Structure formats: structure tokens, C-alpha cells
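J.: Have a peek at run30.txt (compact mmCIF, C-alpha atoms).
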```
# COMPACT_ATOMS: atom_id res chain seq x y z
CA MET W 242 -91.76 -19.30 -18.14
CA PHE W 243 -95.11 -20.71 -17.02
CA GLY W 244 -95.97 -17.58 -15.00
CA PHE W 245 -95.04 -15.27 -17.88
CA THR W 246 -97.30 -17.16 -20.32
CA THR W 247 -100.22 -17.01 -17.92
CA MET W 248 -99.95 -13.28 -17.45
CA SER W 249 -99.65 -12.76 -21.20
CA ALA W 250 -102.93 -14.63 -21.65
CA VAL W 251 -104.57 -12.45 -19.03
CA LEU W 252 -103.49 -9.30 -20.79
CA ILE W 253 -104.98 -10.42 -24.09
CA LYS W 254 -108.48 -10.68 -22.69
CA PRO W 255 -108.60 -8.28 -19.80
CA SER W 256 -111.57 -7.64 -17.62
CA PRO W 257 -111.71 -4.57 -15.36
CA GLY W 258 -110.79 -6.60 -12.28
CA GLN W 259 -108.23 -8.69 -14.10
CA LYS W 260 -106.70 -5.63 -15.72
CA ARG W 261 -106.14 -4.02 -12.35
CA SER W 262 -104.62 -7.21 -10.89
CA SER W 263 -102.42 -7.77 -13.93
CA TRP W 264 -100.93 -4.29 -13.69
CA VAL W 265 -100.32 -4.93 -10.01
CA LEU W 266 -98.69 -8.34 -10.62
CA TYR W 267 -96.50 -7.20 -13.50
CA PRO W 268 -94.41 -4.73 -11.45
CA MET W 269 -94.15 -7.38 -8.73
CA PHE W 270 -92.98 -9.95 -11.30
CA HIS W 271 -90.52 -7.44 -12.74
CA PHE W 272 -89.26 -6.56 -9.25
CA ILE W 273 -88.76 -10.22 -8.38
CA ASN W 274 -86.67 -10.75 -11.56
CA ILE W 275 -84.49 -7.75 -10.76
CA ARG W 276 -84.01 -8.94 -7.19
CA GLU W 277 -83.09 -12.46 -8.33
CA LEU W 278 -80.70 -11.14 -10.95
CA THR W 279 -79.08 -8.87 -8.38
CA PHE W 280 -78.68 -11.79 -5.99
CA LEU W 281 -77.17 -14.01 -8.72
CA PHE W 282 -74.78 -11.24 -9.74
CA PHE W 283 -73.70 -10.74 -6.13
CA ALA W 284 -73.17 -14.49 -5.65
CA ALA W 285 -71.12 -14.70 -8.84
CA CYS W 286 -68.94 -11.84 -7.66
CA VAL W 287 -68.35 -13.53 -4.32
CA LEU W 288 -67.43 -16.86 -5.94
CA THR W 289 -65.14 -15.14 -8.42
CA SER W 290 -63.41 -13.20 -5.68
CA GLN W 291 -62.90 -16.43 -3.71
CA SER W 292 -61.39 -18.21 -6.70
CA LEU W 293 -59.09 -15.29 -7.35
CA ALA W 294 -58.11 -15.15 -3.71
CA ASN W 295 -56.46 -18.55 -4.02
CA ASP W 296 -53.98 -17.12 -6.53
CA GLN W 297 -53.65 -13.58 -5.21
CA GLU W 298 -50.33 -14.47 -3.56
CA PHE W 299 -48.83 -14.56 -7.04
CA MET W 300 -49.66 -11.13 -8.36
CA GLU W 301 -47.36 -11.22 -11.39
CA ASP W 302 -44.81 -13.42 -13.03
CA PHE W 303 -41.96 -12.43 -15.30
CA LEU W 304 -40.14 -14.64 -17.77
CA LYS W 305 -36.43 -14.67 -16.96
CA ARG W 306 -34.77 -15.34 -20.29
CA GLU W 307 -31.30 -15.73 -18.81
CA TYR W 308 -32.52 -18.84 -16.98
CA SER W 309 -34.76 -20.13 -19.78
CA LEU W 310 -34.18 -22.50 -22.66
CA SER W 311 -36.47 -22.31 -25.69
CA LYS W 312 -36.51 -22.20 -29.48
CA PRO W 313 -34.44 -21.30 -31.45
CA TYR W 314 -31.91 -22.25 -28.71
CA ARG W 315 -29.55 -19.38 -29.46
CA GLY W 316 -28.12 -19.29 -25.94
CA LEU W 317 -27.01 -22.92 -26.07
CA GLY W 318 -23.59 -24.06 -27.19
CA PHE W 319 -19.91 -23.99 -26.48
CA SER W 320 -19.18 -20.30 -27.00
CA SER W 321 -18.26 -18.01 -24.13
CA SER W 322 -21.52 -16.09 -24.54
CA SER W 323 -23.73 -19.18 -24.20
CA GLN W 324 -26.04 -19.49 -21.21
CA TRP W 325 -26.45 -23.27 -21.44
CA ASP W 326 -23.97 -26.12 -21.91
CA LEU W 327 -24.42 -29.48 -23.59
CA MET W 328 -22.92 -32.68 -22.25
CA GLY W 329 -22.62 -36.27 -23.46
CA THR W 330 -24.94 -37.32 -26.27
CA ALA W 331 -27.13 -34.20 -26.02
CA MET W 332 -27.64 -32.45 -29.34
CA VAL W 333 -29.64 -29.48 -30.61
CA THR W 334 -32.23 -29.72 -33.38
CA PRO W 335 -34.59 -27.03 -34.67
CA ASP W 336 -37.45 -28.49 -32.60
CA HIS W 337 -35.87 -29.79 -29.39
CA VAL W 338 -32.77 -30.60 -27.41
CA ARG W 339 -32.35 -34.37 -27.54
CA LEU W 340 -30.66 -35.59 -24.38
CA THR W 341 -30.44 -39.23 -25.47
CA PRO W 342 -31.48 -40.99 -28.67
CA ASP W 343 -33.34 -44.30 -28.76
CA LEU W 344 -30.09 -46.24 -28.41
CA GLN W 345 -28.56 -48.28 -25.60
CA SER W 346 -26.03 -46.96 -23.09
CA ARG W 347 -26.30 -43.24 -23.74
CA GLN W 348 -26.11 -40.26 -21.38
CA GLY W 349 -26.79 -36.63 -22.13
CA ALA W 350 -27.54 -33.40 -20.31
CA VAL W 351 -28.04 -29.67 -20.65
CA TRP W 352 -27.02 -27.30 -17.85
CA SER W 353 -27.48 -23.61 -17.18
CA ARG W 354 -24.34 -21.55 -16.63
CA ILE W 355 -26.07 -18.90 -14.52
CA PRO W 356 -26.65 -19.60 -10.81
CA LEU W 357 -30.19 -18.99 -9.61
CA VAL W 358 -30.58 -16.04 -7.24
CA LEU W 359 -34.38 -15.72 -7.22
CA ARG W 360 -36.33 -16.27 -4.03
CA ASP W 361 -39.71 -17.12 -5.58
CA TRP W 362 -39.86 -18.79 -8.95
CA GLU W 363 -41.76 -21.10 -11.26
CA LEU W 364 -40.21 -23.47 -13.79
CA LYS W 365 -42.26 -24.84 -16.68
CA VAL W 366 -40.70 -27.75 -18.56
CA HIS W 367 -42.00 -28.95 -21.92
CA PHE W 368 -40.56 -32.40 -22.66
CA LYS W 369 -41.18 -35.49 -24.75
CA ILE W 370 -40.31 -39.15 -24.16
CA HIS W 371 -40.93 -41.53 -27.03
CA GLY W 372 -39.52 -44.63 -28.64
CA LEU W 373 -40.16 -47.91 -30.41
CA GLY W 374 -39.94 -50.17 -27.38
CA LYS W 375 -43.05 -51.74 -25.93
CA LYS W 376 -44.33 -50.87 -22.46
CA ASN W 377 -41.85 -51.77 -19.72
CA LEU W 378 -39.27 -52.48 -22.43
CA ASN W 379 -38.07 -48.90 -22.53
CA GLY W 380 -35.93 -46.72 -20.30
CA ASP W 381 -34.84 -45.14 -18.30
CA GLY W 382 -36.31 -41.63 -18.09
CA LEU W 383 -35.12 -38.09 -17.53
CA ALA W 384 -34.52 -35.72 -14.62
CA VAL W 385 -34.82 -31.99 -14.01
CA TRP W 386 -32.27 -30.56 -11.58
CA LEU W 387 -31.53 -27.59 -9.36
CA THR W 388 -28.19 -28.51 -7.81
CA ARG W 389 -24.97 -27.07 -6.50
CA ASP W 390 -22.82 -29.07 -8.94
CA ARG W 391 -23.31 -29.09 -12.68
CA MET W 392 -21.97 -31.04 -15.65
CA GLN W 393 -21.40 -34.27 -13.69
CA ASN W 394 -21.89 -37.70 -15.24
CA GLY W 395 -23.38 -40.37 -13.06
CA PRO W 396 -25.90 -43.20 -12.54
CA VAL W 397 -28.94 -41.08 -11.56
CA PHE W 398 -30.59 -40.44 -14.92
CA GLY W 399 -27.25 -39.24 -16.27
CA ASN W 400 -26.20 -37.17 -13.23
CA MET W 401 -24.08 -37.86 -10.16
CA ASN W 402 -25.41 -39.72 -7.15
CA GLN W 403 -25.30 -38.16 -3.66
CA PHE W 404 -26.03 -34.81 -5.26
CA ILE W 405 -26.75 -31.61 -3.33
CA GLY W 406 -29.98 -29.95 -4.39
CA LEU W 407 -33.32 -30.80 -5.93
CA GLY W 408 -34.07 -33.59 -8.38
CA VAL W 409 -37.34 -34.30 -10.20
CA PHE W 410 -37.31 -37.73 -11.83
CA VAL W 411 -39.51 -38.85 -14.71
CA ASP W 412 -39.00 -42.59 -14.35
CA THR W 413 -40.37 -44.71 -17.18
CA TYR W 414 -39.09 -48.15 -16.17
CA PRO W 415 -40.13 -50.06 -13.01
CA ASN W 416 -37.01 -51.66 -11.56
CA ALA W 417 -38.83 -52.95 -8.46
CA ASP W 418 -41.33 -54.69 -10.71
CA LYS W 419 -42.56 -57.06 -7.99
CA ARG W 420 -44.00 -54.12 -6.06
CA HIS W 421 -47.33 -53.03 -7.48
CA ASP W 422 -47.87 -49.92 -5.35
CA ARG W 423 -47.58 -47.53 -8.30
CA ALA W 424 -47.97 -47.37 -12.06
CA PHE W 425 -45.26 -46.17 -14.42
CA PRO W 426 -44.21 -43.70 -15.78
CA TYR W 427 -43.85 -42.12 -12.35
CA ILE W 428 -42.66 -38.60 -11.48
CA SER W 429 -41.04 -38.08 -8.07
CA VAL W 430 -39.19 -35.42 -6.10
CA MET W 431 -35.98 -35.94 -4.10
CA LEU W 432 -33.92 -33.52 -2.03
CA GLY W 433 -30.23 -34.38 -1.83
CA ASN W 434 -27.85 -33.20 0.90
CA GLY W 435 -24.66 -34.87 -0.32
CA THR W 436 -25.11 -38.06 1.70
CA LEU W 437 -28.42 -39.47 0.43
CA SER W 438 -28.26 -41.91 -2.48
CA TYR W 439 -30.90 -42.55 -5.09
CA ASP W 440 -31.69 -46.28 -5.13
CA HIS W 441 -32.58 -47.42 -8.64
CA ASP W 442 -33.51 -50.91 -7.45
CA GLN W 443 -36.31 -49.40 -5.35
CA ASP W 444 -37.13 -46.68 -7.90
CA GLY W 445 -36.16 -44.04 -5.36
CA ARG W 446 -38.85 -44.91 -2.83
CA LEU W 447 -36.61 -44.46 0.21
CA THR W 448 -35.74 -40.83 -0.58
CA GLU W 449 -38.93 -39.70 -2.29
CA LEU W 450 -40.69 -36.60 -0.95
CA GLY W 451 -43.73 -36.97 -3.17
CA GLY W 452 -44.82 -37.99 -6.62
CA CYS W 453 -47.51 -39.23 -8.96
CA THR W 454 -48.17 -41.39 -11.98
CA ALA W 455 -48.19 -39.52 -15.30
CA MET W 456 -48.59 -41.19 -18.69
CA VAL W 457 -45.91 -39.20 -20.48
CA ARG W 458 -44.33 -41.82 -22.75
CA ASN W 459 -45.48 -41.88 -26.39
CA ALA W 460 -48.20 -39.42 -25.42
CA ILE W 461 -50.35 -37.96 -28.19
CA TYR W 462 -50.50 -34.63 -26.33
CA ASN W 463 -47.83 -32.19 -25.26
CA THR W 464 -46.39 -33.10 -21.88
CA PHE W 465 -45.43 -30.52 -19.26
CA LEU W 466 -44.34 -30.40 -15.66
CA LEU W 467 -44.31 -27.31 -13.49
CA LEU W 468 -42.29 -26.57 -10.36
CA ARG W 469 -43.30 -23.66 -8.15
CA TYR W 470 -41.20 -22.60 -5.17
CA SER W 471 -42.39 -19.86 -2.85
CA LYS W 472 -42.54 -19.28 0.91
CA TYR W 473 -40.61 -22.50 1.59
CA ARG W 474 -43.16 -24.52 -0.32
CA LEU W 475 -42.52 -26.60 -3.43
CA THR W 476 -45.41 -27.61 -5.64
CA LEU W 477 -45.11 -30.05 -8.53
CA MET W 478 -47.86 -30.15 -11.17
CA VAL W 479 -48.28 -31.92 -14.49
CA ASP W 480 -50.24 -31.43 -17.69
CA VAL W 481 -50.07 -34.55 -19.84
CA ASP W 482 -53.59 -35.32 -21.08
CA GLY W 483 -54.24 -32.39 -23.42
CA LYS W 484 -56.78 -30.66 -21.15
CA GLN W 485 -54.48 -27.67 -20.56
CA GLU W 486 -55.09 -28.01 -16.84
CA TRP W 487 -52.45 -28.43 -14.16
CA LYS W 488 -52.92 -31.46 -11.92
CA HIS W 489 -51.23 -31.59 -8.54
CA CYS W 490 -48.50 -34.20 -8.27
CA ALA W 491 -46.62 -33.30 -5.07
CA ASP W 492 -46.79 -30.59 -2.42
CA ILE W 493 -43.86 -30.19 -0.03
CA THR W 494 -43.86 -27.63 2.76
CA GLY W 495 -41.00 -26.53 4.98
CA LEU W 496 -38.47 -26.85 2.16
CA ARG W 497 -35.35 -24.71 2.35
CA LEU W 498 -33.41 -24.25 -0.89
CA PRO W 499 -30.17 -22.27 -1.08
CA THR W 500 -29.57 -19.75 -3.84
CA GLY W 501 -26.68 -20.00 -6.28
CA TYR W 502 -27.65 -23.44 -7.62
CA PHE W 503 -27.94 -24.40 -11.31
CA PHE W 504 -30.85 -25.69 -13.36
CA GLY W 505 -30.31 -28.64 -15.64
CA ALA W 506 -31.88 -31.66 -17.31
CA SER W 507 -30.33 -35.05 -17.95
CA SER W 508 -31.20 -38.50 -19.20
CA ALA W 509 -29.70 -41.96 -19.50
CA THR W 510 -30.42 -45.23 -21.27
CA GLY W 511 -29.12 -48.69 -20.43
CA ASP W 512 -30.09 -52.01 -21.96
CA LEU W 513 -33.42 -50.34 -22.72
CA SER W 514 -33.77 -46.99 -24.42
CA ASP W 515 -36.00 -44.12 -25.55
CA ASN W 516 -35.72 -40.68 -27.10
CA HIS W 517 -35.63 -38.08 -24.32
CA ASP W 518 -36.25 -34.53 -25.56
CA ILE W 519 -36.41 -31.15 -23.86
CA ILE W 520 -38.48 -28.69 -25.89
CA SER W 521 -38.32 -25.79 -23.45
CA MET W 522 -37.47 -24.86 -19.88
CA LYS W 523 -38.98 -21.49 -18.98
CA LEU W 524 -38.33 -19.85 -15.64
CA TYR W 525 -40.62 -17.16 -14.24
CA GLN W 526 -39.93 -14.87 -11.33
CA LEU W 527 -42.92 -14.63 -9.01
CA THR W 528 -43.88 -11.39 -7.35
CA VAL W 529 -45.25 -12.54 -4.01
CA GLU W 530 -47.02 -10.49 -1.35
CA ARG W 531 -45.58 -11.03 2.12
CA SER W 532 -46.73 -9.75 5.46
CA LEU W 533 -44.40 -7.75 7.68
CA GLU W 534 -43.91 -10.79 9.88
CA GLU W 535 -42.94 -12.94 6.89
CA GLU W 536 -40.49 -10.33 5.64
CA LYS W 537 -38.94 -10.09 9.09
CA GLU W 538 -38.64 -13.87 9.26
CA VAL W 539 -36.85 -13.95 5.90
CA GLU W 540 -34.42 -11.23 6.98
CA GLU W 541 -33.62 -12.87 10.29
CA GLU W 542 -33.22 -16.38 8.92
CA GLU W 543 -29.70 -17.73 8.65
CA GLU W 544 -28.36 -18.38 5.17
CA VAL W 545 -29.13 -21.89 3.96
CA THR W 546 -26.07 -23.65 2.56
CA VAL W 547 -27.45 -27.20 2.30
CA PRO W 548 -31.04 -27.90 1.25
CA ARG W 549 -33.26 -29.39 3.92
CA VAL W 550 -36.84 -30.17 4.78
CA VAL W 551 -38.42 -29.36 8.11
CA ASP W 552 -39.89 -32.53 9.67
CA MET W 553 -38.23 -34.91 7.23
CA GLU W 554 -39.80 -37.87 9.04
CA GLN W 555 -43.16 -37.19 7.42
CA PHE W 556 -41.70 -38.18 4.05
CA GLN W 557 -39.85 -41.33 5.11
CA VAL W 558 -41.03 -44.47 3.37
CA VAL W 559 -40.61 -47.88 4.93
CA VAL W 560 -39.77 -50.43 2.26
CA GLN W 561 -40.64 -53.86 3.58
CA GLU W 562 -38.80 -56.93 2.45
CA GLU W 563 -40.86 -59.03 0.12
CA GLY W 564 -42.08 -62.29 1.61
CA MET W 565 -41.89 -65.63 -0.20
CA SER W 566 -44.71 -66.56 -2.49
CA GLY W 567 -46.56 -69.87 -2.11
CA VAL W 568 -44.53 -71.54 -4.86
CA GLN W 569 -41.25 -70.34 -3.38
CA PHE W 570 -42.28 -71.62 0.07
CA PHE W 571 -43.24 -75.03 -1.35
CA PHE W 572 -39.94 -75.56 -3.14
CA THR W 573 -37.98 -74.26 -0.16
CA LEU W 574 -39.74 -76.76 2.11
CA LEU W 575 -39.31 -79.57 -0.43
CA PHE W 576 -35.58 -79.05 -0.87
CA SER W 577 -35.15 -78.70 2.88
CA ILE W 578 -36.81 -82.09 3.45
CA LEU W 579 -34.75 -83.69 0.67
CA GLY W 580 -31.59 -82.20 2.14
CA LEU W 581 -32.40 -83.56 5.59
CA GLY W 582 -33.15 -86.95 4.04
CA VAL W 583 -29.80 -87.05 2.26
CA LEU W 584 -28.01 -86.05 5.47
CA ALA W 585 -29.85 -88.79 7.37
CA VAL W 586 -28.90 -91.45 4.78
CA VAL W 587 -25.26 -90.36 4.79
CA GLY W 588 -25.25 -90.35 8.59
CA LEU W 589 -26.67 -93.87 8.74
CA MET W 590 -24.08 -95.12 6.23
CA VAL W 591 -21.23 -93.59 8.20
CA TYR W 592 -22.61 -94.98 11.44
CA GLY W 593 -22.98 -98.45 9.92
CA ARG W 594 -19.39 -98.53 8.70
CA TRP W 595 -18.16 -97.29 12.06
CA THR W 596 -20.03 -100.00 13.96
CA GLU W 597 -18.80 -102.68 11.51
CA LYS W 598 -15.17 -101.63 11.99
CA ARG W 599 -15.66 -101.58 15.73
CA ARG W 600 -17.09 -105.12 15.69
CA LYS W 601 -14.17 -106.44 13.62
CA ARG W 602 -11.72 -104.94 16.05
CA PHE W 603 -13.05 -107.16 18.86
CA TYR W 604 -12.53 -110.37 16.84
```
Could I get this file's structure written as C-alpha cells?

T.:
Amino acid sequence: MFGFTTMSAVLIKPSPGQKRSSWVLYPMFHFINIRELTFLFFAACVLTSQSLANDQEFMEDFLKREYSLSKPYRGLGFSSSSQWDLMGTAMVTPDHVRLTPDLQSRQGAVWSRIPLVLRDWELKVHFKIHGLGKKNLNGDGLAVWLTRDRMQNGPVFGNMNQFIGLGVFVDTYPNADKRHDRAFPYISVMLGNGTLSYDHDQDGRLTELGGCTAMVRNAIYNTFLLLRYSKYRLTLMVDVDGKQEWKHCADITGLRLPTGYFFGASSATGDLSDNHDIISMKLYQLTVERSLEEEKEVEEEEEVTVPRVVDMEQFQVVVQEEGMSGVQFFFTLLFSILGLGVLAVVGLMVYGRWTEKRRKRFY
């Protein structure tokens, strides 16, 4: 801007020498601007191509309505033509599918009837958890499933324990409240093989593959979670703060999921409660580019019948036993000393009586 003003002033009052130099400088100035603009345009193209390269694996996605649940929920019900089933306290309203109301001791679920046969997919879940209870006086949360068995009641957010398949848990109540290693609500991923159990007392720490804190309860914004499975990689992302941006929550590689499993969502309340609503579950088929080597690997791979994770040890969590606090140690020591004192007094009394009887026996 400064250079342009100076040259404008020179052109207003030109002298023969200045006029010649100004006409020489102006093309140079113009050429420099063109060169800079060309460079900026080229840099922008490179940056744009790099940003697009991160997502070029997923060229297209297609909504699969037969696997999706959304308003006006026409494919949900008890008729033979329905694609989704209700279970327990789950009920349909014009705006959502309510799995459990804000009442104690309720369980509800919704399950797809159609087994999943897609190799690469993306599931977007729009949900809402809300209630009148204060923080940490609400519960228990909801779960999104892709499992072999469907329509099973149980203790894991309304579904069976020792399940076979994938579970994503939106846990709103901290059972292991003495451990302050995470904030709640907390979303976690677990892979079940039929023998692993979800431990509510530890909030699933022992079997968790990944997770993150997400403030989804009584949120003022729409709350979403997204599951993407492709090339043996599962990515969990959330959008809960109204920015319409996906934030990474968990990334699990080397994950093998069988086909023929069923999507579902369930919820449960106990002594504490909340409303747990599913607004939509939309499944997209991903069109993924694979190299010849990757295609050959897929063709030669044996059929997976039980889900598994390569190198499961990387996800194992060691839950240490909680040590005694200072107050607990003090009272433990105090009662131990008092107990030893009582035993000593009783021992002395017994010994005294025994010696007295022994003395009388000699007289």
C-alpha cells in the first residue's frame, strides 16, 4: 500500500527523468503482484489437495435405508414388514424413540432385523440424554451395538453381558467414583468375544479399547456420535458442542468384525434415571479405494466368525487396588492397638486365675 501511494504521487507531478523511471517501475510492480498472486494460488492448490488427500479413501457414501432408523419411523414396529423391533420400555414418538423414561428400574431397546453385510460403513447416531436429576444423581446411560445376538435383556445398559460383537457405551454415572482418572459422561468402546464381561463397578475400564469424555447429558446442542469401520480400522468421533465438527474419541486398528451382525441401541435405569432417546441411526456404505495388494489380502483372508483385535495387549488396562487413605490408616492402627490391648488384658486375667488355682492346689 505504501509503495502504491508513492508511485501515485510521482505520477501526479512527473519530471522527464521521473516519468521514465515511473513507467519502468510500474510494469515491474505489476509483474511482482502477478508473480505473488500466482505463487499464492499455487500454494492454496497444494494445501487444498493435501487436505482432500486425507479423505480421498472415502470417495462416496450412500445412505442405506434398510439399516437406518429415522423420522417418521415407518419401518419400526411389530408387523412382519418392519425393519426394526422394539423391546422393553422403548416407545415411539413423533420426534424420537425413547428407550427409557426418567423413571427407576427401566430397560428398553431397539434392534434392526436385517443383518449387516457391508464391508465398509459409517454409522451416525443422533441421541439425547436428559432428565431432572442433578449431576452424578442420574443414570445409567445408553449403548449402541453391533452384535451377533439381538433382543436380549441384560445388565449391560439393557443388553446381555458376555456379548459377541461391538458395544459403544455412553456412560453417564461414575460407579468407581473414588477413581478420578476421567470425567463423566464418558463414551467407550468394547469388543466382546462371548467370554469377556463388562464390569460396571469399574465402569468398563478392564475391557475398554478406547474412549473419551463427552458432555452429552442435558446438552443445549444436538449430540451425535459417529462410528466408521474400514480397512480393519474403527474410528469413533463425537459432535456434542454445537460446532458441527467431529472430534476424535477413539481410534482402533487391527479390528476384525464379522458380517451378519445386527445394529441396535439399548438403555437401562436403576435407582437413578434419565430419559434416553434415539432420534436417528443412519448407516452409510463407504466406497473405498483399495490397492491390488489390499484386495488380494481381503480375498485370501479366512472368514472371521468371532470379532477380535490384533495385538489386544495394547488396550489392556491395569486397574490397581486403591490404597488406604490417611484417615483409614489411622483408625485401622488405632483399632489394632486397642484390640491387642484387650487381648493382653484378657490374657493377664486368665493367667492370674490359673496361677491362683495352681497355688491353692499346693495348700

J.: When you draw a straight line from atom CA of W:Gly349 to atom CA of W:Thr330, how long is it in Å?

T.: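 Separation between atom CA of W:Gly349 and atom CA of W:Thr330: 4.6 Å.
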
J.: Taking (-24.9, -36.6, -12.4) in the coordinates of the supplied file, I want to know which residues reach to within 10 Å of it, counting all atoms listed in the file; could you give the answer as a PyMOL selection string?

T.: chain W and resi 348-350+384+386+388+390-404+506-508

J.: Between W:Thr573, W:Ser438, W:Thr494, W:Gln526, which residue has the minimum interatomic distance to W:Asp302, considering all atoms listed in the file?

T.: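 The answer is W:Gln526, which sits nearest to W:Asp302.
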
J.: Smallest atom-to-atom distance to W:Lys523: which of W:Leu589, W:Val366, W:Val411, W:Leu450, using all atoms listed in the file?

T.: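 Answer, going by the shortest atom-to-atom distance: W:Val366.
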
J.: By how many Å are atom CA of W:Arg315 and atom CA of W:Ser346 apart?

T.: 28.5 Å

J.: Quick one, how far is atom CA of W:Phe504 from atom CA of W:Asp343?

T.: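 Value for the atom CA of W:Phe504-atom CA of W:Asp343 distance: 24.3 Å.
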